[in-house]
Amino acid sequence: MGFADLSTPVVMGILLGGLYALIALGLSLVFGVMRLINVAHGDLVVFGSYFAYAALTLFGIDPILSLILGMPLLFAIGFTIQKFLMSRSFGVSMEAALIIAFGLSLILQNLNQMFWTPLSRGLTTSYSVESFSIGEIFIQLPFLFDFAAALVVMLSLSIFLKRTYLGKAILAASQNKRGALLMGVNTGRIYALTFGIAMATAAMAGVFMGLTFPFSPTTGLSFLVISFGVIVIGGLGSMIGTFVGGIVMGLAQTLGAQFFGDAAQMLIAYTIVLVALSIRPQGIFGR
Amino acid sequence: MKEEFFTPKARWIATGVIVILAVLPLTGIPRAWLLYLFLFFVYLALSNMWNLLAGYSGLLSLCQPAFIGLAGYTLVIFTWSGLPFYLGIIVGGIVSMAFALLISIPVFRLRGIYFAIGTLVVPEVLRVIFFLWRPIGGELHGAGAGYRLKGLVGISGAETYWMALFIGIISIFLVRLILASKLGLGLAAIRDSDSTAASIGIDVFKLKLYSFVICSLMTGIAGGVFYVYQGYVEPTTAFGIRWTMILMLSTVIGGMGIKEGPILGTAVVVFLHFFLAEYTGINLFIQGVLLVTIMIVAPHGIMGLIRGMRVYRLLVQREQEAIECGSHRAGRRSDL
Amino acid sequence: MISSAPLLKNHVQESDHEALLKVTEIAVFYGNLQVLWDVSLTVRPCEIVALIGSNGSGKSTLLDTLSGVIHPAEGMIEFSGRGITNSEPFEIVSLGITQVPEGRQLFPDLTVLDNLIMGSYSRHARSKKEQNLDLVYEHFPILEERKHQLAKALSGGEQQMLAIGRGLMSDPRLMLLDEMSLGLAPIILDKLYQALKEIRERGITILFVEQNVRRSLDEADRAYIIERGRVVLEGPTVELREEETVKRAYFGL
């Protein structure tokens, strides 16, 4: 096993990292702004995958195209969840929001299972099975798309947050709620918007994830854990951090698979999460 | 309620109830009923412990499946090695306890929400490990990496029931004991605010550790008892989130941070098991909806609702308010 | 401390319909705990009014009530004749009352410029953003110098200037300042109070909350002294300064 053989896993790991960053983005946003761990996040991403699956198998719509419907739908769902469920829990206790999210997770898993059975599915399109080689490096096309999508989304979100009034309001509210409140920001609405945006990114993440890997109603949990890893490593409040976190997780997985076999690949990633949590929970780039 | 519980009248009633429960298997009631009572007491033990952690110590531990699963696998090793199963149960509890001690080092450095994340990851890691690792050679059971427990043929339904009854009752006593002790008061203070508690001289880490460790012991034992009944251990369910779901539901429905909460909550959960047995398809859905609804409508659970009712207040002496009061004030998200 | 001094109500009963802000007998609670009793005050256009009291007297709670963060259980608040007793904070900002909060509550990881821009978040203030920005830079030139630095990199005095500037960006008619002087050196305070006077010259009314009695009486036109949730003295500062009880209690004479 020479180092030349590592080129493929390394490249794939980086590309995979893009996907993971994209998946984790929604969780990071919600946690960064509202200090809320949305444990239903993984399941919401999978829901996005199933939505695209429905569009594909029932109507023959290409998954990426289905985002035109999927993103607004998930945005609305997220907005509603925050406005009517989570906001009520904030005054009760810290655990309340987590428990509600947990309940949502169960609901989603069951819904997905009811409609689609526990069998694994995948978004198979003409391009999702393509691959090509650059020299000795073997690249699967979906991975490239994932990375590109991640770049596009994160760049756009970054611009939105830094250049628009609304975006700045979201940043402000996450840095100092009281300050934002006193400057005339309707924090309730901002939180709902944030959750909505987070869910819209989850919709995208779901589509690209589905193009890359098979999914089933229960895969949400592993994506949740991976997203935690991304956030813990990369920290909050930084797009670059999220990207780096994603890449670390991606590399952990591909290199883990390379050295320890497919079955153990998640183990390496999980262990890294635990280690990172113990050493520096706020992440490399965290505030 | 403590005063009430230990009054002579209450003591007689309690003893009477326990005797009746103990005698039940001999009265020829349907096996299914015994089964549900069995589950009730196992879940009761588990959720009493979780209530202690999440409701009183402010530790939202999503780590319980780790303890349960480890106890299960300990039992596997014991029964396959020809050792008595009851020893296996006890050692299972000890193994869980040791594991709790081990992970407390990294995990307790995490505050609040990060703690929840950390404890969520742990059972997942164990699940993958036990999927790959064969602690004992031999035939596997089922599609995954499951193991059948051996040497359990002679145990009757009654015996497993009595074991469950025993730990269920013990768990109630344990909770009351802890809450009445200095540990309990310390925990209530910690739940309100870590830093404030520290500033008045409470060794926060130590108390949380005690709580965590005691709970893991009991949880492990309860897990062991459960697996004696089930007869096989398999990683996905042993370390699965379903345990956390059951615990959360039981505790939340009854009322987190309220002593009697788990009793009520577990009763509801087991009833739901019974009721929804035919609807395996929407099982999770209903439980999820229940969880969400309760948190929104009655965040302090059924006990919370009952306590709010004037009728209840008139009927009951409420001298042991001090600790319960914490659950109404504590943990407010004043930063939001 | 004066706890049962009779109310000095000189000049207070002047035509109330002139008042920009009129607070009538409000009672405010934190949960079950009452914090303010029977508090009334008026602020007239272009006045500088001081609300003086020690820690725990309830003065910050009063400001939060004016800003809509808390709502009074009893009583009424009117702004320009319009009832705002139960309005939400963002509504109150859009009506023209802005609070510069205690501890400044800046956005630490945003630039000075972004902090200021956030000040103009309210719809009515957005169109005047450039205008107000120039104004702020005039009052506090240092903010223009440091406009691309992160707010957390500023010194205490500069942060306070930024907080005031941010408040100005919301185009207020009434500015509420909570404990502006905490932790700041007298030289800096001089600059800040000077700025307040200039701001008043532009037609903005000021109500500030302070612990420092002497300074407050020097800088304000009128003052209310609040103790343990009640207004115990009020009146023009020229008179309050001479008032025996005040001299004895606060100046140790």
# chains A, B, ... in the order shown; residues from 1 in each chain; ligands from 1

call {"tool": "residues_around", "arguments": {"residues": "stretch 10-17 of chain A", "least_positions_apart": "2", "cutoff": "8 Å", "atoms": "only C-alpha atoms", "output": "list of chain:residue names"}}
result
A:Leu6, A:Ser7, A:Thr8, A:Leu19, A:Tyr20, A:Ala21, A:Ile137, A:Ile139, A:Phe143, A:Leu144, A:Asp146, A:Phe147, A:Phe243, A:Val244, A:Gly245, A:Gly246, A:Ile247, A:Val248, A:Met249, A:Gly250, A:Leu251, A:Ala252, A:Gln253, A:Thr254, A:Leu255

call {"tool": "write_last_selection", "arguments": {"atoms": "C-alpha atoms", "output": "PDB file, in the first residue's frame"}}
result
ATOM      1  CA  LEU A   6      -3.699   7.307  -1.448  1.00  0.00           C
ATOM      2  CA  SER A   7      -4.340   9.867  -4.096  1.00  0.00           C
ATOM      3  CA  THR A   8      -7.812   8.595  -4.869  1.00  0.00           C
ATOM      4  CA  LEU A  19     -21.009  17.100   0.804  1.00  0.00           C
ATOM      5  CA  TYR A  20     -20.605  16.791   4.529  1.00  0.00           C
ATOM      6  CA  ALA A  21     -20.126  20.511   4.852  1.00  0.00           C
ATOM      7  CA  ILE A 137      -7.074   9.386  -9.482  1.00  0.00           C
ATOM      8  CA  ILE A 139     -13.330  10.254  -9.338  1.00  0.00           C
ATOM      9  CA  PHE A 143     -18.828  13.574  -5.609  1.00  0.00           C
ATOM     10  CA  LEU A 144     -17.682  16.349  -7.861  1.00  0.00           C
ATOM     11  CA  ASP A 146     -21.483  17.569  -4.307  1.00  0.00           C
ATOM     12  CA  PHE A 147     -18.385  19.624  -3.871  1.00  0.00           C
ATOM     13  CA  PHE A 243     -15.770  23.423   4.983  1.00  0.00           C
ATOM     14  CA  VAL A 244     -12.630  22.414   6.807  1.00  0.00           C
ATOM     15  CA  GLY A 245     -14.663  20.376   9.256  1.00  0.00           C
ATOM     16  CA  GLY A 246     -16.374  18.650   6.391  1.00  0.00           C
ATOM     17  CA  ILE A 247     -13.136  17.840   4.681  1.00  0.00           C
ATOM     18  CA  VAL A 248     -11.644  16.418   7.841  1.00  0.00           C
ATOM     19  CA  MET A 249     -14.647  14.159   8.276  1.00  0.00           C
ATOM     20  CA  GLY A 250     -14.572  13.181   4.638  1.00  0.00           C
ATOM     21  CA  LEU A 251     -10.919  12.322   4.711  1.00  0.00           C
ATOM     22  CA  ALA A 252     -11.382  10.419   7.949  1.00  0.00           C
ATOM     23  CA  GLN A 253     -13.926   8.290   6.250  1.00  0.00           C
ATOM     24  CA  THR A 254     -12.168   7.605   2.960  1.00  0.00           C
ATOM     25  CA  LEU A 255      -8.794   7.052   4.530  1.00  0.00           C
TER      26      LEU A 255
END

call {"tool": "residues_around", "arguments": {"residues": "stretch 184-188 of chain C", "least_positions_apart": "5", "cutoff": "10 Å", "atoms": "only C-alpha atoms", "output": "MDAnalysis selection string"}}
result
chainID C and resid 155:158 160:161 193:194

call {"tool": "select_by_dssp", "arguments": {"residues": "stretch 13-244 of chain C", "states": "alpha helix (DSSP H)", "output": "PDB file with C-alpha atoms, in the first residue's frame"}}
result
ATOM      1  CA  LYS C  59     -33.854  51.921  36.664  1.00  0.00           C
ATOM      2  CA  SER C  60     -32.714  49.453  34.032  1.00  0.00           C
ATOM      3  CA  THR C  61     -36.034  47.672  34.289  1.00  0.00           C
ATOM      4  CA  LEU C  62     -37.718  50.967  33.610  1.00  0.00           C
ATOM      5  CA  LEU C  63     -35.747  51.437  30.422  1.00  0.00           C
ATOM      6  CA  ASP C  64     -36.508  47.912  29.313  1.00  0.00           C
ATOM      7  CA  THR C  65     -40.166  48.600  29.894  1.00  0.00           C
ATOM      8  CA  LEU C  66     -39.952  51.723  27.775  1.00  0.00           C
ATOM      9  CA  PRO C  89     -39.466  46.200  20.854  1.00  0.00           C
ATOM     10  CA  PHE C  90     -39.196  46.426  17.084  1.00  0.00           C
ATOM     11  CA  GLU C  91     -42.383  48.478  16.930  1.00  0.00           C
ATOM     12  CA  ILE C  92     -41.054  50.882  19.517  1.00  0.00           C
ATOM     13  CA  VAL C  93     -37.837  51.359  17.625  1.00  0.00           C
ATOM     14  CA  SER C  94     -39.786  52.141  14.477  1.00  0.00           C
ATOM     15  CA  LEU C  95     -41.768  54.742  16.384  1.00  0.00           C
ATOM     16  CA  VAL C 112     -17.814  48.997  13.322  1.00  0.00           C
ATOM     17  CA  LEU C 113     -19.501  49.883  10.063  1.00  0.00           C
ATOM     18  CA  ASP C 114     -21.746  46.829  10.179  1.00  0.00           C
ATOM     19  CA  ASN C 115     -22.684  47.587  13.749  1.00  0.00           C
ATOM     20  CA  LEU C 116     -23.725  51.043  12.649  1.00  0.00           C
ATOM     21  CA  ILE C 117     -25.595  49.689   9.665  1.00  0.00           C
ATOM     22  CA  MET C 118     -27.482  47.343  11.963  1.00  0.00           C
ATOM     23  CA  GLY C 119     -28.576  50.421  13.795  1.00  0.00           C
ATOM     24  CA  ARG C 123     -37.511  50.389   7.990  1.00  0.00           C
ATOM     25  CA  HIS C 124     -37.890  54.047   8.668  1.00  0.00           C
ATOM     26  CA  ALA C 125     -34.184  54.460   9.284  1.00  0.00           C
ATOM     27  CA  ARG C 126     -32.919  52.687   6.193  1.00  0.00           C
ATOM     28  CA  LYS C 129     -28.649  55.518   6.418  1.00  0.00           C
ATOM     29  CA  GLU C 130     -26.028  57.575   4.588  1.00  0.00           C
ATOM     30  CA  GLN C 131     -27.187  60.770   6.199  1.00  0.00           C
ATOM     31  CA  ASN C 132     -27.075  59.392   9.687  1.00  0.00           C
ATOM     32  CA  LEU C 133     -23.763  57.718   9.050  1.00  0.00           C
ATOM     33  CA  ASP C 134     -22.215  61.075   8.241  1.00  0.00           C
ATOM     34  CA  LEU C 135     -23.768  62.484  11.376  1.00  0.00           C
ATOM     35  CA  VAL C 136     -22.324  59.730  13.514  1.00  0.00           C
ATOM     36  CA  TYR C 137     -18.888  60.210  11.994  1.00  0.00           C
ATOM     37  CA  GLU C 138     -19.162  63.890  12.783  1.00  0.00           C
ATOM     38  CA  HIS C 139     -19.882  63.258  16.424  1.00  0.00           C
ATOM     39  CA  PRO C 141     -14.619  60.738  14.064  1.00  0.00           C
ATOM     40  CA  ILE C 142     -12.763  57.787  15.525  1.00  0.00           C
ATOM     41  CA  LEU C 143     -15.536  55.496  14.405  1.00  0.00           C
ATOM     42  CA  GLU C 144     -14.888  56.450  10.826  1.00  0.00           C
ATOM     43  CA  GLU C 145     -11.205  55.746  11.259  1.00  0.00           C
ATOM     44  CA  GLY C 156     -14.240  50.773  26.208  1.00  0.00           C
ATOM     45  CA  GLY C 157     -14.782  54.387  25.373  1.00  0.00           C
ATOM     46  CA  GLU C 158     -14.832  53.716  21.649  1.00  0.00           C
ATOM     47  CA  GLN C 159     -17.318  50.923  22.158  1.00  0.00           C
ATOM     48  CA  GLN C 160     -19.588  53.281  24.011  1.00  0.00           C
ATOM     49  CA  MET C 161     -19.312  55.735  21.180  1.00  0.00           C
ATOM     50  CA  LEU C 162     -20.169  52.965  18.767  1.00  0.00           C
ATOM     51  CA  ALA C 163     -23.177  52.035  20.875  1.00  0.00           C
ATOM     52  CA  ILE C 164     -24.408  55.603  20.857  1.00  0.00           C
ATOM     53  CA  GLY C 165     -23.667  55.908  17.166  1.00  0.00           C
ATOM     54  CA  ARG C 166     -25.560  52.730  16.473  1.00  0.00           C
ATOM     55  CA  GLY C 167     -28.473  54.132  18.392  1.00  0.00           C
ATOM     56  CA  LEU C 168     -28.353  57.310  16.329  1.00  0.00           C
ATOM     57  CA  MET C 169     -28.521  55.302  13.137  1.00  0.00           C
ATOM     58  CA  PRO C 186     -13.770  60.961  33.225  1.00  0.00           C
ATOM     59  CA  ILE C 187     -12.026  62.326  30.157  1.00  0.00           C
ATOM     60  CA  ILE C 188     -13.955  59.974  27.938  1.00  0.00           C
ATOM     61  CA  LEU C 189     -17.143  60.738  29.785  1.00  0.00           C
ATOM     62  CA  ASP C 190     -16.629  64.401  29.087  1.00  0.00           C
ATOM     63  CA  LYS C 191     -16.495  63.635  25.391  1.00  0.00           C
ATOM     64  CA  LEU C 192     -19.577  61.479  25.579  1.00  0.00           C
ATOM     65  CA  TYR C 193     -21.661  63.993  27.471  1.00  0.00           C
ATOM     66  CA  GLN C 194     -20.506  66.653  25.063  1.00  0.00           C
ATOM     67  CA  ALA C 195     -21.709  64.465  22.238  1.00  0.00           C
ATOM     68  CA  LEU C 196     -25.044  64.052  23.994  1.00  0.00           C
ATOM     69  CA  LYS C 197     -25.463  67.783  24.100  1.00  0.00           C
ATOM     70  CA  GLU C 198     -24.697  68.017  20.418  1.00  0.00           C
ATOM     71  CA  ILE C 199     -27.199  65.268  19.740  1.00  0.00           C
ATOM     72  CA  ARG C 200     -29.782  67.185  21.679  1.00  0.00           C
ATOM     73  CA  GLU C 201     -29.025  70.236  19.570  1.00  0.00           C
ATOM     74  CA  VAL C 213     -25.614  61.439  41.105  1.00  0.00           C
ATOM     75  CA  ARG C 214     -23.315  64.409  40.887  1.00  0.00           C
ATOM     76  CA  ARG C 215     -22.471  64.028  37.241  1.00  0.00           C
ATOM     77  CA  SER C 216     -26.054  63.333  36.304  1.00  0.00           C
ATOM     78  CA  LEU C 217     -27.310  66.442  38.023  1.00  0.00           C
ATOM     79  CA  ASP C 218     -24.686  68.451  36.196  1.00  0.00           C
ATOM     80  CA  GLU C 219     -25.513  67.146  32.757  1.00  0.00           C
ATOM     81  CA  THR C 237     -31.591  69.624  38.420  1.00  0.00           C
ATOM     82  CA  VAL C 238     -30.796  73.165  39.504  1.00  0.00           C
ATOM     83  CA  GLU C 239     -33.213  72.732  42.359  1.00  0.00           C
ATOM     84  CA  LEU C 240     -32.349  69.139  43.163  1.00  0.00           C
ATOM     85  CA  ARG C 241     -28.770  70.109  43.599  1.00  0.00           C
ATOM     86  CA  GLU C 242     -29.722  72.430  46.404  1.00  0.00           C
ATOM     87  CA  GLU C 244     -31.164  69.199  51.536  1.00  0.00           C
TER      88      GLU C 244
END

call {"tool": "residues_around", "arguments": {"residues": "A:Asp62", "least_positions_apart": "4", "cutoff": "8 Å", "atoms": "only C-alpha atoms", "output": "MDAnalysis selection string"}}
result
chainID A and resid 52 55:56 66 125

call {"tool": "write_last_selection", "arguments": {"atoms": "N, CA and C atoms", "output": "short mmCIF file (atom, residue, chain, number, x, y, z; two decimals), in the first residue's frame"}}
result
data_model
loop_
_atom_site.label_atom_id
_atom_site.label_comp_id
_atom_site.auth_asym_id
_atom_site.auth_seq_id
_atom_site.Cartn_x
_atom_site.Cartn_y
_atom_site.Cartn_z
N ALA A 52 -37.00 14.26 -3.31
CA ALA A 52 -36.43 14.19 -4.65
C ALA A 52 -36.70 12.82 -5.27
N ALA A 55 -40.12 12.81 -6.60
CA ALA A 55 -40.18 13.55 -7.86
C ALA A 55 -39.61 12.71 -8.99
N LEU A 56 -38.57 11.98 -8.68
CA LEU A 56 -37.90 11.20 -9.72
C LEU A 56 -38.73 9.99 -10.14
N SER A 66 -35.75 19.13 -9.15
CA SER A 66 -36.85 19.09 -8.18
C SER A 66 -36.61 20.03 -7.01
N THR A 125 -29.58 8.56 -11.44
CA THR A 125 -29.82 9.26 -12.69
C THR A 125 -28.70 8.88 -13.64
#

call {"tool": "atom_distance", "arguments": {"atom1": "atom CA of B:Thr196", "atom2": "atom CA of B:Ala100"}}
result
25.6 Å

call {"tool": "interface_residues", "arguments": {"of": "chain A", "to": "chain C", "cutoff": "10 Å", "atoms": "only C-alpha atoms", "output": "PyMOL selection string"}}
result
chain A and resi 162-163+165-166+168-169+171-187+237+287

call {"tool": "interface_residues", "arguments": {"of": "chain A", "to": "chain B", "cutoff": "8 Å", "atoms": "only C-alpha atoms", "output": "PyMOL selection string"}}
result
chain A and resi 34+37+85+88-96+99-111+113-114+177+225+228+263-264+266-267+270-271+274+277-278+281

call {"tool": "select_by_dssp", "arguments": {"residues": "stretch 156-224 of chain C", "states": "strand (DSSP E)", "output": "MDAnalysis selection string"}}
result
chainID C and resid 174:178 205:210 222:224

call {"tool": "residues_around", "arguments": {"residues": "B:Pro65", "least_positions_apart": "5", "cutoff": "6 Å", "atoms": "only C-alpha atoms", "output": "ChimeraX atom specification"}}
result
/B:123,239,243
